[in-house]
Structure formats: C-alpha cells, structure tokens
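Note: the block below is start.pdb and it holds PDB, C-alpha atoms.
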MODEL        1
ATOM      1  CA  MET A   1      21.550  17.712-197.469  1.00  0.00           C
ATOM      2  CA  PRO A   2      20.402  14.349-196.034  1.00  0.00           C
ATOM      3  CA  ARG A   3      17.122  12.973-197.256  1.00  0.00           C
ATOM      4  CA  ALA A   4      14.237  12.643-194.822  1.00  0.00           C
ATOM      5  CA  GLY A   5      14.043   9.208-193.235  1.00  0.00           C
ATOM      6  CA  CYS A   6      17.595   8.366-194.173  1.00  0.00           C
ATOM      7  CA  GLY A   7      20.340   8.396-191.684  1.00  0.00           C
ATOM      8  CA  PRO A   8      23.037   6.222-190.324  1.00  0.00           C
ATOM      9  CA  THR A   9      21.856   2.707-189.642  1.00  0.00           C
ATOM     10  CA  ALA A  10      22.664   1.020-186.387  1.00  0.00           C
ATOM     11  CA  PRO A  11      25.316  -1.659-186.720  1.00  0.00           C
ATOM     12  CA  THR A  12      24.115  -5.225-186.570  1.00  0.00           C
ATOM     13  CA  PRO A  13      25.141  -6.764-183.244  1.00  0.00           C
ATOM     14  CA  THR A  14      27.672  -9.528-183.577  1.00  0.00           C
ATOM     15  CA  PRO A  15      28.626 -11.992-180.881  1.00  0.00           C
ATOM     16  CA  THR A  16      31.895 -11.540-179.098  1.00  0.00           C
ATOM     17  CA  PRO A  17      34.214 -14.490-178.584  1.00  0.00           C
ATOM     18  CA  THR A  18      32.919 -14.654-175.009  1.00  0.00           C
ATOM     19  CA  GLY A  19      29.203 -14.530-175.553  1.00  0.00           C
ATOM     20  CA  PHE A  20      25.958 -13.625-177.225  1.00  0.00           C
ATOM     21  CA  ALA A  21      25.299 -10.219-178.780  1.00  0.00           C
ATOM     22  CA  SER A  22      21.964  -9.810-176.985  1.00  0.00           C
ATOM     23  CA  GLU A  23      19.536 -11.554-174.659  1.00  0.00           C
ATOM     24  CA  GLU A  24      17.286 -12.225-177.644  1.00  0.00           C
ATOM     25  CA  GLU A  25      20.136 -13.904-179.519  1.00  0.00           C
ATOM     26  CA  ALA A  26      21.006 -15.983-176.460  1.00  0.00           C
ATOM     27  CA  PHE A  27      17.406 -17.140-176.062  1.00  0.00           C
ATOM     28  CA  ALA A  28      17.034 -17.975-179.761  1.00  0.00           C
ATOM     29  CA  ALA A  29      20.262 -20.014-179.760  1.00  0.00           C
ATOM     30  CA  ALA A  30      19.348 -21.785-176.544  1.00  0.00           C
ATOM     31  CA  GLU A  31      15.821 -22.638-177.670  1.00  0.00           C
ATOM     32  CA  ALA A  32      16.964 -23.917-181.079  1.00  0.00           C
ATOM     33  CA  THR A  33      19.675 -26.012-179.431  1.00  0.00           C
ATOM     34  CA  TYR A  34      17.327 -27.532-176.868  1.00  0.00           C
ATOM     35  CA  ARG A  35      14.673 -28.344-179.481  1.00  0.00           C
ATOM     36  CA  ALA A  36      17.327 -29.979-181.700  1.00  0.00           C
ATOM     37  CA  TYR A  37      18.510 -32.025-178.707  1.00  0.00           C
ATOM     38  CA  VAL A  38      14.971 -33.294-178.013  1.00  0.00           C
ATOM     39  CA  ASP A  39      14.511 -34.089-181.712  1.00  0.00           C
ATOM     40  CA  ALA A  40      17.767 -36.070-181.628  1.00  0.00           C
ATOM     41  CA  LEU A  41      16.648 -37.970-178.506  1.00  0.00           C
ATOM     42  CA  ASN A  42      13.419 -38.873-180.260  1.00  0.00           C
ATOM     43  CA  GLN A  43      15.474 -40.519-183.024  1.00  0.00           C
ATOM     44  CA  VAL A  44      17.640 -42.656-180.719  1.00  0.00           C
ATOM     45  CA  ASP A  45      17.552 -46.400-181.286  1.00  0.00           C
ATOM     46  CA  LEU A  46      19.191 -48.002-178.257  1.00  0.00           C
ATOM     47  CA  SER A  47      20.186 -51.020-180.384  1.00  0.00           C
ATOM     48  CA  ASP A  48      22.172 -48.706-182.704  1.00  0.00           C
ATOM     49  CA  PRO A  49      24.766 -46.617-180.818  1.00  0.00           C
ATOM     50  CA  SER A  50      25.521 -44.600-183.956  1.00  0.00           C
ATOM     51  CA  THR A  51      22.166 -42.838-183.330  1.00  0.00           C
ATOM     52  CA  PHE A  52      23.584 -41.450-180.066  1.00  0.00           C
ATOM     53  CA  ASP A  53      26.059 -39.166-181.860  1.00  0.00           C
ATOM     54  CA  GLU A  54      23.415 -36.605-182.842  1.00  0.00           C
ATOM     55  CA  VAL A  55      22.359 -36.333-179.175  1.00  0.00           C
ATOM     56  CA  TYR A  56      25.952 -35.830-178.019  1.00  0.00           C
ATOM     57  CA  ARG A  57      26.403 -33.083-180.614  1.00  0.00           C
ATOM     58  CA  TRP A  58      24.126 -30.716-178.628  1.00  0.00           C
ATOM     59  CA  THR A  59      25.775 -31.229-175.222  1.00  0.00           C
ATOM     60  CA  THR A  60      28.970 -30.443-173.377  1.00  0.00           C
ATOM     61  CA  GLY A  61      30.424 -30.951-169.901  1.00  0.00           C
ATOM     62  CA  ASP A  62      28.170 -32.578-167.297  1.00  0.00           C
ATOM     63  CA  ALA A  63      25.214 -32.897-169.679  1.00  0.00           C
ATOM     64  CA  ASN A  64      27.358 -34.728-172.220  1.00  0.00           C
ATOM     65  CA  ALA A  65      28.801 -37.074-169.587  1.00  0.00           C
ATOM     66  CA  ALA A  66      25.342 -37.809-168.142  1.00  0.00           C
ATOM     67  CA  ILE A  67      23.670 -38.575-171.462  1.00  0.00           C
ATOM     68  CA  ARG A  68      26.592 -40.744-172.593  1.00  0.00           C
ATOM     69  CA  THR A  69      26.343 -42.770-169.382  1.00  0.00           C
ATOM     70  CA  SER A  70      22.560 -43.038-169.606  1.00  0.00           C
ATOM     71  CA  LEU A  71      22.353 -44.097-173.255  1.00  0.00           C
ATOM     72  CA  SER A  72      25.276 -46.528-172.967  1.00  0.00           C
ATOM     73  CA  SER A  73      23.807 -48.132-169.851  1.00  0.00           C
ATOM     74  CA  MET A  74      20.342 -48.553-171.383  1.00  0.00           C
ATOM     75  CA  ALA A  75      21.863 -49.979-174.569  1.00  0.00           C
ATOM     76  CA  ALA A  76      24.062 -52.420-172.625  1.00  0.00           C
ATOM     77  CA  GLU A  77      20.989 -53.653-170.726  1.00  0.00           C
ATOM     78  CA  SER A  78      19.029 -54.122-174.001  1.00  0.00           C
ATOM     79  CA  TRP A  79      16.354 -51.588-173.113  1.00  0.00           C
ATOM     80  CA  THR A  80      14.082 -50.039-175.728  1.00  0.00           C
ATOM     81  CA  VAL A  81      12.389 -46.652-175.897  1.00  0.00           C
ATOM     82  CA  SER A  82       9.124 -45.979-177.663  1.00  0.00           C
ATOM     83  CA  GLY A  83       7.185 -42.769-178.214  1.00  0.00           C
ATOM     84  CA  GLU A  84       8.392 -39.191-178.481  1.00  0.00           C
ATOM     85  CA  SER A  85       8.969 -36.267-176.156  1.00  0.00           C
ATOM     86  CA  THR A  86       7.490 -32.910-177.141  1.00  0.00           C
ATOM     87  CA  VAL A  87       8.708 -29.527-175.933  1.00  0.00           C
ATOM     88  CA  THR A  88       5.647 -27.613-174.698  1.00  0.00           C
ATOM     89  CA  VAL A  89       7.141 -24.568-172.938  1.00  0.00           C
ATOM     90  CA  VAL A  90      10.461 -22.741-173.357  1.00  0.00           C
ATOM     91  CA  GLU A  91      11.129 -19.565-171.384  1.00  0.00           C
ATOM     92  CA  LEU A  92      14.219 -17.633-170.480  1.00  0.00           C
ATOM     93  CA  SER A  93      15.177 -18.289-166.889  1.00  0.00           C
ATOM     94  CA  PRO A  94      17.432 -16.142-164.690  1.00  0.00           C
ATOM     95  CA  THR A  95      21.007 -17.369-164.482  1.00  0.00           C
ATOM     96  CA  ASP A  96      23.171 -17.393-161.375  1.00  0.00           C
ATOM     97  CA  ASP A  97      25.473 -14.806-162.946  1.00  0.00           C
ATOM     98  CA  ASP A  98      23.623 -12.125-164.918  1.00  0.00           C
ATOM     99  CA  ASN A  99      26.956 -10.584-165.964  1.00  0.00           C
ATOM    100  CA  ASN A 100      28.093 -13.742-167.719  1.00  0.00           C
ATOM    101  CA  GLN A 101      27.191 -13.216-171.374  1.00  0.00           C
ATOM    102  CA  ASP A 102      28.307 -16.664-172.468  1.00  0.00           C
ATOM    103  CA  LYS A 103      25.610 -18.524-170.495  1.00  0.00           C
ATOM    104  CA  VAL A 104      21.847 -18.770-170.764  1.00  0.00           C
ATOM    105  CA  SER A 105      19.297 -20.718-168.770  1.00  0.00           C
ATOM    106  CA  LEU A 106      15.906 -22.001-169.925  1.00  0.00           C
ATOM    107  CA  ALA A 107      12.858 -23.091-167.987  1.00  0.00           C
ATOM    108  CA  VAL A 108      11.244 -25.825-170.070  1.00  0.00           C
ATOM    109  CA  CYS A 109       8.393 -28.294-169.953  1.00  0.00           C
ATOM    110  CA  VAL A 110       8.628 -31.499-171.942  1.00  0.00           C
ATOM    111  CA  ASP A 111       5.613 -33.717-172.547  1.00  0.00           C
ATOM    112  CA  VAL A 112       6.846 -37.271-171.942  1.00  0.00           C
ATOM    113  CA  SER A 113       3.395 -38.857-171.620  1.00  0.00           C
ATOM    114  CA  GLY A 114       3.860 -40.921-174.788  1.00  0.00           C
ATOM    115  CA  VAL A 115       7.344 -42.190-173.912  1.00  0.00           C
ATOM    116  CA  ASN A 116       7.902 -45.663-172.514  1.00  0.00           C
ATOM    117  CA  VAL A 117      11.177 -47.333-171.567  1.00  0.00           C
ATOM    118  CA  ILE A 118      11.120 -51.136-171.529  1.00  0.00           C
ATOM    119  CA  ASP A 119      13.826 -53.346-170.044  1.00  0.00           C
ATOM    120  CA  ALA A 120      15.070 -56.631-171.553  1.00  0.00           C
ATOM    121  CA  ASP A 121      12.349 -58.543-169.667  1.00  0.00           C
ATOM    122  CA  GLY A 122       9.574 -56.401-171.168  1.00  0.00           C
ATOM    123  CA  ILE A 123       8.956 -54.444-167.961  1.00  0.00           C
ATOM    124  CA  SER A 124       8.375 -50.708-168.143  1.00  0.00           C
ATOM    125  CA  GLN A 125      11.016 -48.687-166.309  1.00  0.00           C
ATOM    126  CA  VAL A 126       8.815 -45.588-166.188  1.00  0.00           C
ATOM    127  CA  GLU A 127       7.833 -44.601-162.656  1.00  0.00           C
ATOM    128  CA  SER A 128       4.079 -45.092-162.098  1.00  0.00           C
ATOM    129  CA  ASP A 129       3.828 -41.560-160.665  1.00  0.00           C
ATOM    130  CA  ARG A 130       5.716 -39.860-163.523  1.00  0.00           C
ATOM    131  CA  ARG A 131       4.131 -36.574-164.535  1.00  0.00           C
ATOM    132  CA  ASP A 132       2.981 -36.157-168.137  1.00  0.00           C
ATOM    133  CA  GLU A 133       5.168 -33.058-168.418  1.00  0.00           C
ATOM    134  CA  GLU A 134       8.667 -32.847-167.024  1.00  0.00           C
ATOM    135  CA  PRO A 135       9.804 -29.428-165.748  1.00  0.00           C
ATOM    136  CA  LEU A 136      13.523 -28.739-166.265  1.00  0.00           C
ATOM    137  CA  THR A 137      16.029 -25.954-166.040  1.00  0.00           C
ATOM    138  CA  VAL A 138      18.446 -26.293-168.946  1.00  0.00           C
ATOM    139  CA  SER A 139      21.753 -24.418-168.749  1.00  0.00           C
ATOM    140  CA  LEU A 140      23.571 -23.657-171.982  1.00  0.00           C
ATOM    141  CA  LYS A 141      26.787 -21.904-172.893  1.00  0.00           C
ATOM    142  CA  TYR A 142      27.915 -19.989-175.929  1.00  0.00           C
ATOM    143  CA  SER A 143      29.910 -22.009-178.439  1.00  0.00           C
ATOM    144  CA  ALA A 144      31.001 -20.486-181.727  1.00  0.00           C
ATOM    145  CA  SER A 145      31.407 -23.977-183.191  1.00  0.00           C
ATOM    146  CA  ALA A 146      27.888 -25.170-182.272  1.00  0.00           C
ATOM    147  CA  PRO A 147      25.250 -25.156-185.033  1.00  0.00           C
ATOM    148  CA  TYR A 148      23.042 -22.602-183.245  1.00  0.00           C
ATOM    149  CA  GLY A 149      25.773 -21.021-181.129  1.00  0.00           C
ATOM    150  CA  ALA A 150      25.058 -22.844-177.867  1.00  0.00           C
ATOM    151  CA  LEU A 151      25.610 -26.216-176.197  1.00  0.00           C
ATOM    152  CA  ILE A 152      23.694 -27.730-173.286  1.00  0.00           C
ATOM    153  CA  GLU A 153      25.823 -27.864-170.119  1.00  0.00           C
ATOM    154  CA  SER A 154      23.374 -29.242-167.580  1.00  0.00           C
ATOM    155  CA  PHE A 155      19.804 -30.273-166.808  1.00  0.00           C
ATOM    156  CA  ASN A 156      18.137 -29.853-163.463  1.00  0.00           C
ATOM    157  CA  GLY A 157      14.638 -30.843-162.414  1.00  0.00           C
ATOM    158  CA  ARG A 158      12.611 -27.920-161.108  1.00  0.00           C
ATOM    159  CA  GLU A 159       9.241 -26.983-159.753  1.00  0.00           C
ATOM    160  CA  GLY A 160       7.374 -23.755-160.394  1.00  0.00           C
ATOM    161  CA  GLU A 161       7.106 -21.470-163.409  1.00  0.00           C
ATOM    162  CA  PRO A 162       6.492 -22.103-166.141  1.00  0.00           C
ATOM    163  CA  GLY A 163       3.821 -24.421-164.874  1.00  0.00           C
ATOM    164  CA  CYS A 164       3.829 -27.851-166.394  1.00  0.00           C
ATOM    165  CA  SER A 165       0.605 -29.816-166.276  1.00  0.00           C
TER     166      SER A 165
ENDMDL
END

Final structure tokens representation of the file:
Amino acid sequence: MPRAGCGPTAPTPTPTPTGFASEEEAFAAAEATYRAYVDALNQVDLSDPSTFDEVYRWTTGDANAAIRTSLSSMAAESWTVSGESTVTVVELSPTDDDNNQDKVSLAVCVDVSGVNVIDADGISQVESDRRDEEPLTVSLKYSASAPYGALIESFNGREGEPGCS
C-alpha cells in the first residue's frame, strides 16, 4: 500500500535539441545571457582587442557581426569608453513565432547615463539627446553549447513597455 503523500514524481523537464524545456527556462537562460553580455561590455578596453572576445562569446549571427564591426571600428579610431551600463528591466517579450521553442525575446532597459564614448580628439560621441535608459528588444536563440543555453541573435531599439525612464 502506498504511503500518504508519496507518489510518482513528475519528471524534470529537459531541453530538446531544438529548444528550451519551458518558458521559464527560456527566460532564465535569456536573462542570464543578456546580463553576462552587458557585464562583458562593461569590461571592454578598446585599446586591448583581447577584451572583445568575452563580448563575442554571448552573441551569434547579426548581433555578433554588428558588435564585431562596432568594437573594431571604435578601436581603429582610438576611441575610449568610460562608465558602465546597468540592466534595469528585463521582461519576456512576445516573439514573432510562438511555436518556435528555440527562440526567446526580451524587452530590456539599460541605464547608459554613466557611459561616455570619447573620440581620439577628446570629443564625446554620445548624442546630446540620448536617453538615460535605452529600451531594446533582444532576440536570443537556444544553443546547447552556450554557457546559459542561449546566444543573442539581434538587438532592436523599441518604444513602449517596459517603460524606460
């Protein structure tokens, strides 16, 4: 006779080769990946291209190509970056294809108020009307080889929820 309170336990969900086991797992992987990416960007020294590798590690596809171009260009022009970005909001955002379990989209806000980009002549390259918080949609895809199970595919500016100040 089975004991009270004991019964078969539900199996632990495991990811399939094509995606995340659950929406919660997808969000957790995406958030951890994005936060690690921002941390890596905060450590970049444009005079030392070896510091770019940690940034590239969190990206794939268009996002990887864009950040490689951006960092290489700024380094070639002897620009410097000071200050740090801080992630202030991370929310799950609807994707274009809700049936695609290997993709996840985040709506994020990043506080960039303390970041300055200076060119070789000592002139700030930050737009005078830049907002203190940058709203982005970050698209990620499942990757079994990635540290948290996801890689950033693309970034898109956005307006709307979550509200950034």

Quiz item: What's the 12 Å shell around Glu134 of chain A, counting all atoms listed in the file, without same-chain residues fewer than 2 positions away, as a ChimeraX atom specification?
Solution: /A:85-89,107-113,115,129-132,136-138,155-160,162-165

Quiz item: If you apply the PyMOL selection byres ((chain A and resi 17-32) around 12) to this file, what residues do you get, as number ranges by chain?
Solution: A: 11-16, 33-39, 58-59, 87-95, 98-108, 137-153

Practice problem: Mind giving me the straight-line distance from atom CA of Glu77 of chain A to atom CA of Ala65 of chain A in Å, one decimal? | Solution: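 So the two atoms, atom CA of Glu77 of chain A and atom CA of Ala65 of chain A, lie 18.4 Å apart.
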
Quiz item: Which value, in Å to one decimal, gives the distance between atom CA of Ser128 of chain A and atom CA of Ser78 of chain A?
Solution: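 Interatomic distance, atom CA of Ser128 of chain A to atom CA of Ser78 of chain A: 21.1 Å.
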
Please write out, as AutoDock Vina command-line options, where the centre of an axis-aligned box around all listed atoms of segment 112-124 of chain A lies and how long its edges are, in Å to one decimal, after adding 5 Å on each side.
--center_x 9.2 --center_y -47.9 --center_z -171.4 --size_x 21.7 --size_y 31.3 --size_z 16.8

Exercise. Carefully work through the PyMOL selection byres ((chain A and resi 126) around 7) for this structure and note down the residues it includes, as a ChimeraX atom specification.
Key: /A:116-117,124-125,127-128

Quiz item: Which one is closest to Val81 of chain A: A:Ala63, A:Asp48, A:Asn42, A:Glu54? Count only C-alpha atoms.
Solution: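 Checking each candidate against Val81 of chain A, we get A:Asn42 as the closest.
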
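Going from atom CA of Arg57 of chain A over to atom CA of Asp45 of chain A, you cover 16.0 Å.
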
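Between Leu41 of chain A and the candidates A:Gly61, A:Ala76, A:Glu84, A:Ala66, the tightest atom-to-atom separation, counting all atoms listed in the file, involves A:Glu84.
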
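For the residues A:Val55, A:Gly114, A:Thr80, A:Glu133, ranking by smallest atom-to-atom distance to Arg68 of chain A using all atoms listed in the file places A:Val55 first.
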
Exercise. Do a neighbour search on Ala75 of chain A at 7 Å with all atoms listed in the file, toss out local chain neighbours closer than 4 positions, and write the hits as a list in words.
Key: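 Near neighbours after the sequence-gap exclusion: Leu46, Ser47, Leu71 and Trp79 of chain A.
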
Reconstruct segment 38-54 of chain A at the level of N, CA and C atoms, and format the result as a PDB file, keeping the file's coordinate frame.
ATOM      1  N   VAL A  38      16.151 -32.443-178.216  1.00  0.00           N
ATOM      2  CA  VAL A  38      14.971 -33.294-178.013  1.00  0.00           C
ATOM      3  C   VAL A  38      14.646 -34.055-179.297  1.00  0.00           C
ATOM      4  N   ASP A  39      14.735 -33.399-180.434  1.00  0.00           N
ATOM      5  CA  ASP A  39      14.511 -34.089-181.712  1.00  0.00           C
ATOM      6  C   ASP A  39      15.495 -35.251-181.879  1.00  0.00           C
ATOM      7  N   ALA A  40      16.752 -35.019-181.520  1.00  0.00           N
ATOM      8  CA  ALA A  40      17.767 -36.070-181.628  1.00  0.00           C
ATOM      9  C   ALA A  40      17.455 -37.229-180.673  1.00  0.00           C
ATOM     10  N   LEU A  41      17.023 -36.909-179.454  1.00  0.00           N
ATOM     11  CA  LEU A  41      16.648 -37.970-178.506  1.00  0.00           C
ATOM     12  C   LEU A  41      15.497 -38.809-179.043  1.00  0.00           C
ATOM     13  N   ASN A  42      14.561 -38.151-179.701  1.00  0.00           N
ATOM     14  CA  ASN A  42      13.419 -38.873-180.260  1.00  0.00           C
ATOM     15  C   ASN A  42      13.827 -39.842-181.367  1.00  0.00           C
ATOM     16  N   GLN A  43      14.999 -39.663-181.941  1.00  0.00           N
ATOM     17  CA  GLN A  43      15.474 -40.519-183.024  1.00  0.00           C
ATOM     18  C   GLN A  43      16.398 -41.639-182.544  1.00  0.00           C
ATOM     19  N   VAL A  44      16.706 -41.656-181.246  1.00  0.00           N
ATOM     20  CA  VAL A  44      17.640 -42.656-180.719  1.00  0.00           C
ATOM     21  C   VAL A  44      17.040 -44.053-180.816  1.00  0.00           C
ATOM     22  N   ASP A  45      17.869 -44.973-181.280  1.00  0.00           N
ATOM     23  CA  ASP A  45      17.552 -46.400-181.286  1.00  0.00           C
ATOM     24  C   ASP A  45      18.619 -47.038-180.397  1.00  0.00           C
ATOM     25  N   LEU A  46      18.212 -47.491-179.216  1.00  0.00           N
ATOM     26  CA  LEU A  46      19.191 -48.002-178.257  1.00  0.00           C
ATOM     27  C   LEU A  46      19.966 -49.209-178.772  1.00  0.00           C
ATOM     28  N   SER A  47      19.458 -49.887-179.799  1.00  0.00           N
ATOM     29  CA  SER A  47      20.186 -51.020-180.384  1.00  0.00           C
ATOM     30  C   SER A  47      21.214 -50.559-181.418  1.00  0.00           C
ATOM     31  N   ASP A  48      21.248 -49.256-181.705  1.00  0.00           N
ATOM     32  CA  ASP A  48      22.172 -48.706-182.704  1.00  0.00           C
ATOM     33  C   ASP A  48      22.907 -47.490-182.128  1.00  0.00           C
ATOM     34  N   PRO A  49      24.039 -47.710-181.461  1.00  0.00           N
ATOM     35  CA  PRO A  49      24.766 -46.617-180.818  1.00  0.00           C
ATOM     36  C   PRO A  49      25.172 -45.469-181.751  1.00  0.00           C
ATOM     37  N   SER A  50      25.188 -45.706-183.054  1.00  0.00           N
ATOM     38  CA  SER A  50      25.521 -44.600-183.956  1.00  0.00           C
ATOM     39  C   SER A  50      24.453 -43.507-183.896  1.00  0.00           C
ATOM     40  N   THR A  51      23.229 -43.849-183.446  1.00  0.00           N
ATOM     41  CA  THR A  51      22.166 -42.838-183.330  1.00  0.00           C
ATOM     42  C   THR A  51      22.378 -41.924-182.119  1.00  0.00           C
ATOM     43  N   PHE A  52      23.310 -42.272-181.244  1.00  0.00           N
ATOM     44  CA  PHE A  52      23.584 -41.450-180.066  1.00  0.00           C
ATOM     45  C   PHE A  52      24.371 -40.196-180.432  1.00  0.00           C
ATOM     46  N   ASP A  53      25.158 -40.265-181.503  1.00  0.00           N
ATOM     47  CA  ASP A  53      26.059 -39.166-181.860  1.00  0.00           C
ATOM     48  C   ASP A  53      25.336 -37.832-182.030  1.00  0.00           C
ATOM     49  N   GLU A  54      24.157 -37.853-182.628  1.00  0.00           N
ATOM     50  CA  GLU A  54      23.415 -36.605-182.842  1.00  0.00           C
ATOM     51  C   GLU A  54      22.982 -36.006-181.503  1.00  0.00           C
TER      52      GLU A  54
END
